[in-house]
file structure.txt (compact mmCIF, C-alpha atoms)
# COMPACT_ATOMS: atom_id res chain seq x y z
CA MET A 1 0.01 135.80 -161.49
CA ILE A 2 3.46 135.05 -160.04
CA THR A 3 6.13 135.34 -162.69
CA HIS A 4 9.76 134.32 -162.83
CA ARG A 5 10.74 137.90 -162.01
CA HIS A 6 8.54 137.92 -158.90
CA ALA A 7 10.18 134.73 -157.68
CA ILE A 8 13.66 136.22 -158.04
CA ALA A 9 12.62 139.35 -156.15
CA ALA A 10 11.16 137.25 -153.35
CA MET A 11 14.32 135.18 -153.15
CA LEU A 12 16.53 138.28 -152.96
CA LEU A 13 14.44 139.82 -150.20
CA THR A 14 14.26 136.66 -148.10
CA THR A 15 18.03 136.21 -148.23
CA THR A 16 18.81 139.80 -147.22
CA LEU A 17 16.54 139.83 -144.17
CA PRO A 18 18.34 137.07 -142.21
CA LEU A 19 21.75 138.59 -143.01
CA ALA A 20 20.64 141.95 -141.68
CA GLY A 21 19.15 140.43 -138.56
CA ALA A 22 21.96 138.00 -137.72
CA GLY A 23 23.62 140.40 -135.31
CA LEU A 24 20.47 140.71 -133.18
CA THR A 25 20.89 137.22 -131.76
CA ARG A 26 24.34 137.92 -130.39
CA ALA A 27 23.10 138.62 -126.88
CA ASP A 28 21.40 135.20 -126.67
CA ASP A 29 23.26 132.09 -125.75
CA THR A 30 21.54 128.76 -125.76
CA GLY A 31 23.14 125.94 -123.82
CA ILE A 32 22.60 122.24 -123.84
CA SER A 33 19.09 120.75 -123.80
CA GLY A 34 17.47 124.06 -124.69
CA GLU A 35 18.54 125.83 -121.48
CA VAL A 36 19.44 129.47 -121.85
CA GLU A 37 22.78 130.09 -120.18
CA SER A 38 23.54 133.34 -118.43
CA LEU A 39 25.77 135.71 -120.37
CA MET A 40 27.86 138.79 -119.83
CA GLU A 41 29.43 140.78 -122.63
CA LEU A 42 31.48 143.95 -122.55
CA SER A 43 32.43 145.99 -125.61
CA LEU A 44 34.87 148.89 -125.44
CA ASP A 45 35.32 151.62 -128.00
CA GLN A 46 38.26 153.85 -127.12
CA THR A 47 39.19 157.05 -128.93
CA ALA A 48 42.66 158.57 -129.17
CA SER A 49 41.65 161.25 -126.65
CA GLY A 50 40.93 158.60 -124.00
CA ARG A 51 37.15 158.59 -124.23
CA VAL A 52 35.82 155.06 -123.74
CA THR A 53 32.32 153.92 -124.58
CA ALA A 54 31.43 150.72 -122.76
CA SER A 55 28.52 148.69 -124.11
CA VAL A 56 27.10 145.99 -121.89
CA THR A 57 24.92 142.95 -122.28
CA SER A 58 24.11 141.03 -119.11
CA THR A 59 21.49 138.44 -118.30
CA VAL A 60 22.55 138.34 -114.64
CA GLY A 61 20.06 139.84 -112.23
CA GLY A 62 21.97 142.79 -110.82
CA THR A 63 25.15 143.90 -112.57
CA ARG A 64 27.71 146.64 -111.99
CA LEU A 65 30.09 148.44 -114.33
CA GLN A 66 33.24 150.12 -112.99
CA LEU A 67 36.40 151.84 -114.14
CA VAL A 68 39.40 150.72 -112.09
CA GLN A 69 42.69 152.56 -112.51
CA GLY A 70 45.44 152.09 -109.99
CA GLY A 71 43.76 152.26 -106.63
CA SER A 72 40.85 154.35 -107.85
CA VAL A 73 37.40 152.93 -108.60
CA THR A 74 34.77 154.89 -110.53
CA GLU A 75 31.23 153.57 -110.67
CA LEU A 76 29.92 153.74 -114.20
CA GLY A 77 26.54 152.18 -113.58
CA ALA A 78 24.61 149.50 -111.74
CA PHE A 79 21.45 147.85 -112.95
CA GLY A 80 19.16 145.14 -111.76
CA GLY A 81 17.68 142.44 -113.90
CA SER A 82 18.74 141.64 -117.43
CA ARG A 83 19.96 144.41 -119.68
CA THR A 84 21.04 144.57 -123.27
CA ASN A 85 22.81 147.33 -125.15
CA LEU A 86 23.40 149.43 -122.06
CA ARG A 87 26.00 152.08 -122.86
CA ARG A 88 28.15 154.21 -120.60
CA VAL A 89 30.79 156.74 -121.61
CA THR A 90 33.75 157.65 -119.49
CA ARG A 91 37.07 159.31 -120.03
CA ILE A 92 40.30 157.73 -118.93
CA PRO A 93 42.65 160.51 -117.85
CA ARG A 94 46.03 160.93 -119.41
CA THR A 95 48.59 159.29 -117.17
CA ALA A 96 52.32 159.37 -116.88
CA ALA A 97 54.32 156.68 -118.64
CA GLY A 98 54.46 153.53 -116.53
CA SER A 99 51.10 154.11 -114.86
CA PRO A 100 48.79 151.11 -114.73
CA ASP A 101 46.30 150.63 -117.48
CA ALA A 102 42.65 151.24 -116.78
CA THR A 103 40.28 148.29 -116.48
CA ILE A 104 36.59 148.40 -117.25
CA THR A 105 35.01 145.77 -115.00
CA LEU A 106 31.62 144.13 -115.44
CA GLY A 107 30.37 141.86 -112.71
CA PRO A 108 27.54 140.99 -110.33
CA GLN A 109 26.49 143.43 -107.61
CA GLY A 110 26.28 140.69 -104.99
CA PRO A 111 27.75 137.23 -104.36
CA MET B 112 9.19 145.75 -164.03
CA THR B 113 12.62 144.72 -165.38
CA LEU B 114 14.95 142.30 -163.65
CA SER B 115 17.59 144.99 -163.20
CA ARG B 116 15.10 147.23 -161.44
CA ILE B 117 14.11 144.37 -159.14
CA ALA B 118 17.76 143.77 -158.26
CA THR B 119 18.25 147.48 -157.60
CA LEU B 120 15.25 147.56 -155.28
CA ALA B 121 16.45 144.44 -153.44
CA GLY B 122 19.91 145.89 -152.99
CA THR B 123 18.46 149.16 -151.69
CA ALA B 124 16.25 147.23 -149.28
CA MET B 125 19.25 145.30 -147.97
CA ALA B 126 21.27 148.49 -147.47
CA LEU B 127 18.41 150.13 -145.57
CA LEU B 128 17.95 147.08 -143.33
CA CYS B 129 21.67 146.90 -142.52
CA ALA B 130 21.74 150.59 -141.65
CA ALA B 131 18.73 150.25 -139.33
CA VAL B 132 20.06 147.23 -137.44
CA PRO B 133 23.19 147.87 -135.37
CA SER B 134 26.05 145.69 -136.51
CA THR B 135 26.79 143.83 -133.32
CA ALA B 136 29.56 141.95 -135.03
CA ALA B 137 31.51 145.21 -135.26
CA ALA B 138 30.40 146.31 -131.76
CA GLY B 139 31.05 142.91 -130.05
CA GLY B 140 33.44 142.58 -127.18
CA LEU B 141 34.59 140.08 -124.63
CA ALA B 142 31.86 137.72 -123.46
CA ILE B 143 31.62 134.93 -120.91
CA SER B 144 28.98 132.29 -120.43
CA PRO B 145 27.64 131.22 -118.07
CA ALA B 146 27.90 134.38 -116.00
CA THR B 147 27.26 132.35 -112.83
CA ILE B 148 28.36 128.83 -111.94
CA GLU B 149 26.20 127.45 -109.15
CA ARG B 150 26.15 123.91 -107.83
CA GLU B 151 26.79 121.86 -104.72
CA ALA B 152 30.34 122.02 -103.36
CA LYS B 153 31.53 118.54 -104.27
CA PRO B 154 35.06 117.67 -105.41
CA GLY B 155 35.36 117.26 -109.15
CA SER B 156 34.34 119.17 -112.24
CA ILE B 157 32.18 122.22 -111.59
CA GLY B 158 31.73 123.19 -115.23
CA SER B 159 33.37 125.48 -117.77
CA VAL B 160 33.35 129.17 -118.56
CA ARG B 161 33.16 129.86 -122.28
CA VAL B 162 35.14 132.94 -123.29
CA THR B 163 34.33 134.59 -126.62
CA ASN B 164 36.28 137.34 -128.33
CA GLY B 165 33.71 139.32 -130.29
CA ALA B 166 36.02 142.30 -130.65
CA SER B 167 37.89 143.20 -133.81
CA LYS B 168 41.31 142.75 -132.20
CA THR B 169 43.24 139.87 -130.72
CA LEU B 170 42.97 139.67 -126.92
CA ARG B 171 45.35 138.22 -124.41
CA ILE B 172 43.18 136.47 -121.82
CA THR B 173 44.07 135.70 -118.20
CA VAL B 174 41.74 133.74 -115.94
CA SER B 175 41.84 133.35 -112.16
CA ALA B 176 39.55 132.29 -109.30
CA ARG B 177 39.29 134.87 -106.52
CA PRO B 178 37.35 135.15 -103.27
CA TRP B 179 34.91 138.03 -102.82
CA ILE B 180 35.40 141.06 -100.62
CA GLN B 181 31.97 142.38 -99.67
CA SER B 182 31.44 145.98 -98.56
CA ARG B 183 28.96 147.05 -95.91
CA ASN B 184 26.62 148.24 -98.67
CA GLY B 185 26.49 144.71 -100.09
CA ALA B 186 28.62 145.27 -103.19
CA VAL B 187 31.30 142.69 -103.94
CA ARG B 188 34.68 142.95 -105.60
CA PRO B 189 37.35 140.33 -106.21
CA ASN B 190 40.15 140.01 -103.71
CA ASP B 191 43.11 140.40 -106.06
CA THR B 192 45.61 139.55 -103.31
CA ARG B 193 44.28 136.04 -102.87
CA ARG B 194 43.20 133.12 -105.04
CA LEU B 195 40.72 130.35 -104.36
CA SER B 196 43.32 127.60 -103.96
CA GLN B 197 40.66 124.87 -104.02
CA ILE B 198 39.62 125.82 -107.55
CA LYS B 199 41.69 124.40 -110.39
CA LEU B 200 41.32 126.05 -113.79
CA GLY B 201 42.20 124.03 -116.88
CA VAL B 202 43.92 127.01 -118.50
CA THR B 203 44.82 130.40 -117.04
CA ALA B 204 46.33 132.33 -119.96
CA PHE B 205 45.76 132.21 -123.70
CA THR B 206 45.24 134.36 -126.77
CA LEU B 207 41.97 134.74 -128.64
CA ALA B 208 41.80 136.04 -132.18
CA PRO B 209 38.66 137.93 -133.25
CA GLY B 210 35.73 135.54 -133.32
CA GLN B 211 37.52 132.80 -131.40
CA VAL B 212 35.95 130.95 -128.49
CA ARG B 213 37.66 128.97 -125.76
CA SER B 214 36.27 127.04 -122.80
CA VAL B 215 38.00 127.17 -119.44
CA PRO B 216 37.17 124.06 -117.40
CA ALA B 217 37.07 124.41 -113.63
CA SER B 218 37.16 121.84 -110.86
CA LEU B 219 36.96 121.77 -107.07
CA LEU B 220 39.98 119.98 -105.63
CA SER B 221 38.60 119.21 -102.17
CA ARG B 222 35.44 119.76 -100.17
CA PRO B 223 35.66 123.08 -98.29
CA SER B 224 35.82 122.72 -94.53
CA SER B 225 32.91 125.15 -94.16
CA GLY B 226 30.87 123.18 -96.66
CA SER B 227 30.66 125.96 -99.23
CA LEU B 228 32.81 128.24 -101.39
CA TYR B 229 31.89 131.59 -102.93
CA GLY B 230 33.89 133.86 -105.19
CA THR B 231 34.43 134.77 -108.80
CA ILE B 232 36.15 133.51 -111.90
CA SER B 233 37.83 136.61 -113.25
CA VAL B 234 38.46 136.90 -116.99
CA ILE B 235 40.73 139.78 -118.08
CA GLY B 236 41.22 140.66 -121.73
CA THR B 237 44.06 142.89 -122.93
CA VAL B 238 44.36 144.02 -126.53
CA VAL B 239 47.52 142.54 -128.06
CA GLY B 240 49.87 145.16 -129.40
CA ALA B 241 47.65 148.02 -128.27
CA SER B 242 49.04 151.51 -128.10
CA SER B 243 47.18 154.67 -127.25
CA SER B 244 48.14 158.23 -127.98
CA ASN B 245 47.37 159.23 -124.38
CA GLY B 246 49.39 156.42 -122.85
CA VAL B 247 46.40 154.50 -121.45
CA THR B 248 44.77 151.36 -122.80
CA ALA B 249 41.47 150.13 -121.40
CA ARG B 250 41.36 146.44 -120.50
CA TYR B 251 38.28 144.25 -120.20
CA ARG B 252 37.43 142.42 -117.01
CA LEU B 253 34.42 140.15 -116.63
CA LEU B 254 33.56 138.53 -113.31
CA ALA B 255 31.58 135.30 -113.37
CA GLY B 256 29.91 134.44 -110.09
CA LEU B 257 30.98 131.20 -108.40
CA ARG B 258 28.53 129.68 -105.94
CA LEU B 259 29.43 126.28 -104.57
CA ASN B 260 26.69 125.70 -102.05
CA PRO B 261 26.66 123.36 -99.05
CA SER B 262 24.78 120.09 -99.20
CA THR B 263 21.39 120.03 -97.53
CA ALA B 264 22.85 118.13 -94.60
CA ARG B 265 25.62 120.66 -94.06
CA ARG B 266 23.62 123.83 -94.69
CA SER B 267 23.88 126.31 -91.84
CA LEU B 268 21.60 129.34 -91.65
CA ARG B 269 22.62 131.87 -89.00
CA ALA B 270 22.65 135.65 -88.79
CA VAL B 271 24.20 137.85 -86.11
CA VAL B 272 22.54 141.25 -85.80
CA GLY B 273 24.58 144.27 -84.73
CA SER B 274 23.52 147.69 -83.56
CA ALA B 275 21.29 150.13 -85.41
CA ARG B 276 22.49 153.50 -86.70
CA TYR B 277 20.35 156.35 -88.00
CA SER B 278 21.74 158.92 -90.41
CA GLY B 279 20.49 160.83 -93.42
CA GLY B 280 16.93 159.67 -92.90
CA THR B 281 17.81 155.95 -92.92
CA THR B 282 18.34 153.35 -90.24
CA ARG B 283 21.00 150.76 -90.99
CA ILE B 284 21.51 147.57 -89.04
CA GLY B 285 24.66 145.52 -89.52
CA VAL B 286 23.99 141.83 -90.13
CA ARG B 287 26.77 139.24 -90.25
CA ASN B 288 26.23 135.99 -92.09
CA ALA B 289 27.38 133.42 -89.56
CA GLY B 290 26.12 130.55 -91.70
CA ASN B 291 27.62 128.97 -94.80
CA THR B 292 25.26 129.89 -97.63
CA VAL B 293 24.54 133.02 -99.69
CA GLU B 294 20.82 132.42 -99.76
CA PRO B 295 19.22 135.87 -99.55
CA ILE B 296 18.42 137.31 -96.14
CA SER B 297 15.22 139.36 -95.99
CA GLY B 298 12.73 140.33 -93.37
CA SER B 299 10.61 143.00 -91.81
CA ALA B 300 10.79 145.52 -89.00
CA THR B 301 8.45 147.52 -86.81
CA VAL B 302 9.79 150.93 -85.87
CA SER B 303 8.07 152.56 -82.87
CA GLY B 304 8.69 155.97 -81.37
CA PRO B 305 7.80 159.69 -81.56
CA SER B 306 6.79 159.35 -85.24
CA GLY B 307 4.36 156.56 -84.40
CA THR B 308 4.67 152.95 -85.49
CA ARG B 309 5.87 152.04 -88.97
CA ARG B 310 6.15 148.59 -90.48
CA VAL B 311 8.70 148.11 -93.22
CA SER B 312 9.96 145.29 -95.41
CA ILE B 313 13.67 144.67 -95.80
CA THR B 314 14.93 144.02 -99.32
CA ALA B 315 16.55 140.61 -99.73
CA GLN B 316 20.33 140.71 -99.59
CA ARG B 317 22.91 138.03 -100.29
CA ILE B 318 25.78 138.12 -97.79
CA VAL B 319 29.06 136.24 -98.17
CA PRO B 320 29.56 133.88 -95.20
CA GLY B 321 31.55 135.77 -92.60
CA ALA B 322 30.82 139.20 -94.06
CA THR B 323 28.71 141.98 -92.53
CA VAL B 324 26.26 144.03 -94.58
CA ASP B 325 24.12 146.97 -93.49
CA LEU B 326 20.45 146.27 -94.06
CA ARG B 327 18.44 149.42 -94.66
CA LEU B 328 15.07 150.10 -93.12
CA PRO B 329 12.96 152.19 -95.55
CA HIS B 330 10.90 153.93 -92.86
CA GLY B 331 11.20 157.49 -94.18
CA ARG B 332 12.12 160.57 -92.12
CA LEU B 333 11.71 160.27 -88.35
CA GLN B 334 11.19 162.95 -85.72
CA ALA B 335 13.87 163.36 -83.11
CA GLY B 336 13.70 160.93 -80.23
CA ARG B 337 14.37 157.34 -79.30
CA TYR B 338 12.88 154.53 -81.34
CA THR B 339 12.51 150.79 -80.75
CA ILE B 340 13.02 148.47 -83.70
CA ALA B 341 11.59 144.94 -83.66
CA LEU B 342 13.45 143.08 -86.38
CA ARG B 343 12.69 139.70 -87.95
CA LEU B 344 15.06 138.13 -90.50
CA ASP B 345 14.49 135.10 -92.69
CA GLN B 346 16.84 133.03 -94.82
CA GLY B 347 16.21 129.88 -96.80
CA GLY B 348 12.67 129.65 -95.53
CA ARG B 349 13.70 129.85 -91.89
CA ARG B 350 13.61 132.60 -89.26
CA VAL B 351 17.27 133.39 -88.50
CA ALA B 352 16.87 136.39 -86.21
CA THR B 353 14.23 137.95 -83.97
CA VAL B 354 15.78 140.88 -82.13
CA THR B 355 15.00 144.30 -80.73
CA ARG B 356 17.26 147.29 -81.19
CA SER B 357 16.96 150.94 -80.27
CA VAL B 358 18.17 154.00 -82.11
CA ARG B 359 18.24 157.70 -81.26
CA VAL B 360 17.29 160.21 -83.92
CA ARG B 361 18.76 163.64 -83.36
call {"tool": "encode", "arguments": {"input": "structure.txt", "output": "structure tokens"}}
result
Amino acid sequence: MITHRHAIAAMLLTTTLPLAGAGLTRADDTGISGEVESLMELSLDQTASGRVTASVTSTVGGTRLQLVQGGSVTELGAFGGSRTNLRRVTRIPRTAAGSPDATITLGPQGP
Amino acid sequence: MTLSRIATLAGTAMALLCAAVPSTAAAGGLAISPATIEREAKPGSIGSVRVTNGASKTLRITVSARPWIQSRNGAVRPNDTRRLSQIKLGVTAFTLAPGQVRSVPASLLSRPSSGSLYGTISVIGTVVGASSSNGVTARYRLLAGLRLNPSTARRSLRAVVGSARYSGGTTRIGVRNAGNTVEPISGSATVSGPSGTRRVSITAQRIVPGATVDLRLPHGRLQAGRYTIALRLDQGGRRVATVTRSVRVR
């Protein structure tokens, strides 16, 4: 027999599940008329020591991640097809004052 | 079971679920959509790029349209010394607070003389007021592909095949895209010589009009000697090259 207490418990559980799962849809992007648009997302987590964790979501077939600093390019990873939650860690070296900032670049492998 | 116990169990369940599911809101970054704009090269609106700041800090955003530079291995990078002057962007610099979204409309000012235009819409995000103890701050850069293709009537499919080079167990043949579309170029080759006859398929490769890319023949190690390569290339459903090349393996 379903009691008043059971109903409250069910309500509490059904409201917590969507809140916990809301973040999982972030990588999706739905456009007009139900089409799914392509998406690229880059997250950077930098520590005081210069270590950078780059997290990537890309629905483009064939993507490349690079660290560009001054005239130097470091390949961090290339992947074909769609990827979500791909992570790469790199360290940006200590530079003299006035040196250009480092850029983490996410883009297609080909034109 | 008391109501307080039910509430305790529900709260525990919620905490466990949140711990198991990564909080992408906290881990979000700079996002663009669509990641590729592709349409016919006609003057007028070509669409918008939607820029989202999912990071926890305010970002200063700069947007520009750049042509591609393509390396011999096929990889592209933006030409930061030039802009695509025929592309007009509705806004090129703005600030996005955490969670904010802004669309950048783009338009083609005039029909390209070649019939097509390929490049990237570059979106750079810099943390406002950032300071790092080691003097370096990482910036974001996202490159959306821009493909403005020729009309069917103006489409030109043409490939110019260079010489073949063998090194490190691989034969590479330079192919220049003398047409005006980035439709993939693929094909096959027959390699004949001291190691016998091998037939290989060539992985499809998009080449920027005017650029040269080395296509690799996956034939495996070859014995020393001279080899003849019969190469066939296709693009857009048409045969664009039928050539013979020779290469010496030392």
call {"tool": "atom_distance", "arguments": {"input": "structure.txt", "atom1": "CA of Leu42 (chain A)", "atom2": "CA of Thr163 (chain B)"}}
result
10.6 Å
call {"tool": "residues_near_point", "arguments": {"input": "structure.txt", "point": "(39.2, 122.5, -118.4)", "cutoff": "12 Å", "atoms": "all atoms listed in the file", "output": "MDAnalysis selection string"}}
result
chainID B and resid 155:161 174 198:203 213:219
call {"tool": "write_last_selection", "arguments": {"input": "structure.txt", "atoms": "C-alpha atoms", "output": "mmCIF file, in the coordinates of the input"}}
result
data_model
loop_
_atom_site.group_PDB
_atom_site.id
_atom_site.type_symbol
_atom_site.label_atom_id
_atom_site.label_comp_id
_atom_site.auth_asym_id
_atom_site.auth_seq_id
_atom_site.Cartn_x
_atom_site.Cartn_y
_atom_site.Cartn_z
ATOM 1 C CA GLY B 155 35.360 117.260 -109.150
ATOM 2 C CA SER B 156 34.340 119.170 -112.240
ATOM 3 C CA ILE B 157 32.180 122.220 -111.590
ATOM 4 C CA GLY B 158 31.730 123.190 -115.230
ATOM 5 C CA SER B 159 33.370 125.480 -117.770
ATOM 6 C CA VAL B 160 33.350 129.170 -118.560
ATOM 7 C CA ARG B 161 33.160 129.860 -122.280
ATOM 8 C CA VAL B 174 41.740 133.740 -115.940
ATOM 9 C CA ILE B 198 39.620 125.820 -107.550
ATOM 10 C CA LYS B 199 41.690 124.400 -110.390
ATOM 11 C CA LEU B 200 41.320 126.050 -113.790
ATOM 12 C CA GLY B 201 42.200 124.030 -116.880
ATOM 13 C CA VAL B 202 43.920 127.010 -118.500
ATOM 14 C CA THR B 203 44.820 130.400 -117.040
ATOM 15 C CA ARG B 213 37.660 128.970 -125.760
ATOM 16 C CA SER B 214 36.270 127.040 -122.800
ATOM 17 C CA VAL B 215 38.000 127.170 -119.440
ATOM 18 C CA PRO B 216 37.170 124.060 -117.400
ATOM 19 C CA ALA B 217 37.070 124.410 -113.630
ATOM 20 C CA SER B 218 37.160 121.840 -110.860
ATOM 21 C CA LEU B 219 36.960 121.770 -107.070
#
call {"tool": "closest_residue", "arguments": {"input": "structure.txt", "among": "B:Thr248, B:Ser267, B:Thr301, B:Asn184", "to": "Ser49 (chain A)", "atoms": "only C-alpha atoms"}}
result
B:Thr248
call {"tool": "closest_residue", "arguments": {"input": "structure.txt", "among": "B:Gln316, B:Asn190, B:Gln197, B:Asn291", "to": "chain A", "atoms": "all atoms listed in the file"}}
result
B:Gln316
call {"tool": "closest_residue", "arguments": {"input": "structure.txt", "among": "B:Val358, B:Val187, B:Ile172, B:Ala264", "to": "chain A", "atoms": "only C-alpha atoms"}}
result
B:Val187
call {"tool": "closest_residue", "arguments": {"input": "structure.txt", "among": "A:Thr59, A:Arg91, A:Val68, A:Ile104", "to": "Thr47 (chain A)", "atoms": "only C-alpha atoms"}}
result
A:Arg91
call {"tool": "closest_residue", "arguments": {"input": "structure.txt", "among": "A:Ser72, A:Thr53, A:Val89, A:Val60", "to": "chain B", "atoms": "all atoms listed in the file"}}
result
A:Val60
call {"tool": "closest_residue", "arguments": {"input": "structure.txt", "among": "B:Tyr277, B:Phe205, B:Tyr251, B:Tyr338", "to": "chain A", "atoms": "all atoms listed in the file"}}
result
B:Tyr251
call {"tool": "residues_around", "arguments": {"input": "structure.txt", "residues": "Ile284 (chain B)", "least_positions_apart": "6", "cutoff": "8 Å", "atoms": "only C-alpha atoms", "output": "PyMOL selection string"}}
result
chain B and resi 272-276+325-327
call {"tool": "residues_around", "arguments": {"input": "structure.txt", "residues": "Leu65 (chain A)", "least_positions_apart": "5", "cutoff": "8 Å", "atoms": "all atoms listed in the file", "output": "ChimeraX atom specification"}}
result
/A:75-78,104-107
call {"tool": "atom_distance", "arguments": {"input": "structure.txt", "atom1": "CA of Asn164 (chain B)", "atom2": "CA of Ile232 (chain B)"}}
result
16.9 Å
call {"tool": "atom_distance", "arguments": {"input": "structure.txt", "atom1": "CA of Gly298 (chain B)", "atom2": "CA of Ile313 (chain B)"}}
result
5.1 Å
call {"tool": "residues_around", "arguments": {"input": "structure.txt", "residues": "Arg258 (chain B)", "least_positions_apart": "3", "cutoff": "10 Å", "atoms": "only C-alpha atoms", "output": "list in words"}}
result
Pro111 of chain A; Thr147, Ile148, Glu149, Arg150, Glu151, Ala152, Ser227, Leu228, Tyr229, Gly230, Thr231, Ala255, Pro261, Thr292 and Val293 of chain B
call {"tool": "decode", "arguments": {"input": "structure.txt", "residues": "region 54-61 of chain A", "atoms": "all heavy atoms", "output": "mmCIF file, in the first residue's frame"}}
result
data_model
loop_
_atom_site.group_PDB
_atom_site.id
_atom_site.type_symbol
_atom_site.label_atom_id
_atom_site.label_comp_id
_atom_site.auth_asym_id
_atom_site.auth_seq_id
_atom_site.Cartn_x
_atom_site.Cartn_y
_atom_site.Cartn_z
ATOM 1 N N ALA A 54 43.738 20.561 -19.952
ATOM 2 C CA ALA A 54 42.780 20.971 -20.979
ATOM 3 C C ALA A 54 41.771 19.847 -21.169
ATOM 4 O O ALA A 54 42.143 18.703 -21.413
ATOM 5 C CB ALA A 54 43.508 21.253 -22.297
ATOM 6 N N SER A 55 40.514 20.175 -21.058
ATOM 7 C CA SER A 55 39.435 19.210 -21.276
ATOM 8 C C SER A 55 38.686 19.623 -22.530
ATOM 9 O O SER A 55 38.338 20.783 -22.705
ATOM 10 C CB SER A 55 38.480 19.183 -20.074
ATOM 11 O OG SER A 55 39.180 18.851 -18.900
ATOM 12 N N VAL A 56 38.435 18.642 -23.390
ATOM 13 C CA VAL A 56 37.904 18.944 -24.713
ATOM 14 C C VAL A 56 36.622 18.180 -24.987
ATOM 15 O O VAL A 56 36.496 17.005 -24.658
ATOM 16 C CB VAL A 56 38.962 18.553 -25.782
ATOM 17 C CG1 VAL A 56 38.361 18.550 -27.167
ATOM 18 C CG2 VAL A 56 40.148 19.485 -25.706
ATOM 19 N N THR A 57 35.681 18.870 -25.588
ATOM 20 C CA THR A 57 34.515 18.227 -26.183
ATOM 21 C C THR A 57 34.457 18.702 -27.622
ATOM 22 O O THR A 57 34.513 19.903 -27.888
ATOM 23 C CB THR A 57 33.219 18.623 -25.457
ATOM 24 O OG1 THR A 57 33.254 18.132 -24.129
ATOM 25 C CG2 THR A 57 32.004 18.056 -26.182
ATOM 26 N N SER A 58 34.361 17.765 -28.569
ATOM 27 C CA SER A 58 34.294 18.160 -29.974
ATOM 28 C C SER A 58 33.447 17.173 -30.738
ATOM 29 O O SER A 58 33.658 15.965 -30.643
ATOM 30 C CB SER A 58 35.706 18.222 -30.565
ATOM 31 O OG SER A 58 35.639 18.436 -31.971
ATOM 32 N N THR A 59 32.509 17.680 -31.498
ATOM 33 C CA THR A 59 31.697 16.814 -32.352
ATOM 34 C C THR A 59 32.171 16.883 -33.801
ATOM 35 O O THR A 59 31.534 16.344 -34.691
ATOM 36 C CB THR A 59 30.208 17.207 -32.282
ATOM 37 O OG1 THR A 59 30.056 18.548 -32.779
ATOM 38 C CG2 THR A 59 29.693 17.149 -30.857
ATOM 39 N N VAL A 60 33.285 17.569 -34.032
ATOM 40 C CA VAL A 60 33.845 17.680 -35.378
ATOM 41 C C VAL A 60 34.652 16.428 -35.665
ATOM 42 O O VAL A 60 35.419 15.972 -34.815
ATOM 43 C CB VAL A 60 34.746 18.928 -35.479
ATOM 44 C CG1 VAL A 60 35.459 18.963 -36.815
ATOM 45 C CG2 VAL A 60 33.933 20.184 -35.261
ATOM 46 N N GLY A 61 34.523 15.884 -36.838
ATOM 47 C CA GLY A 61 35.285 14.706 -37.200
ATOM 48 C C GLY A 61 36.735 15.067 -37.467
ATOM 49 O O GLY A 61 37.063 15.563 -38.527
#
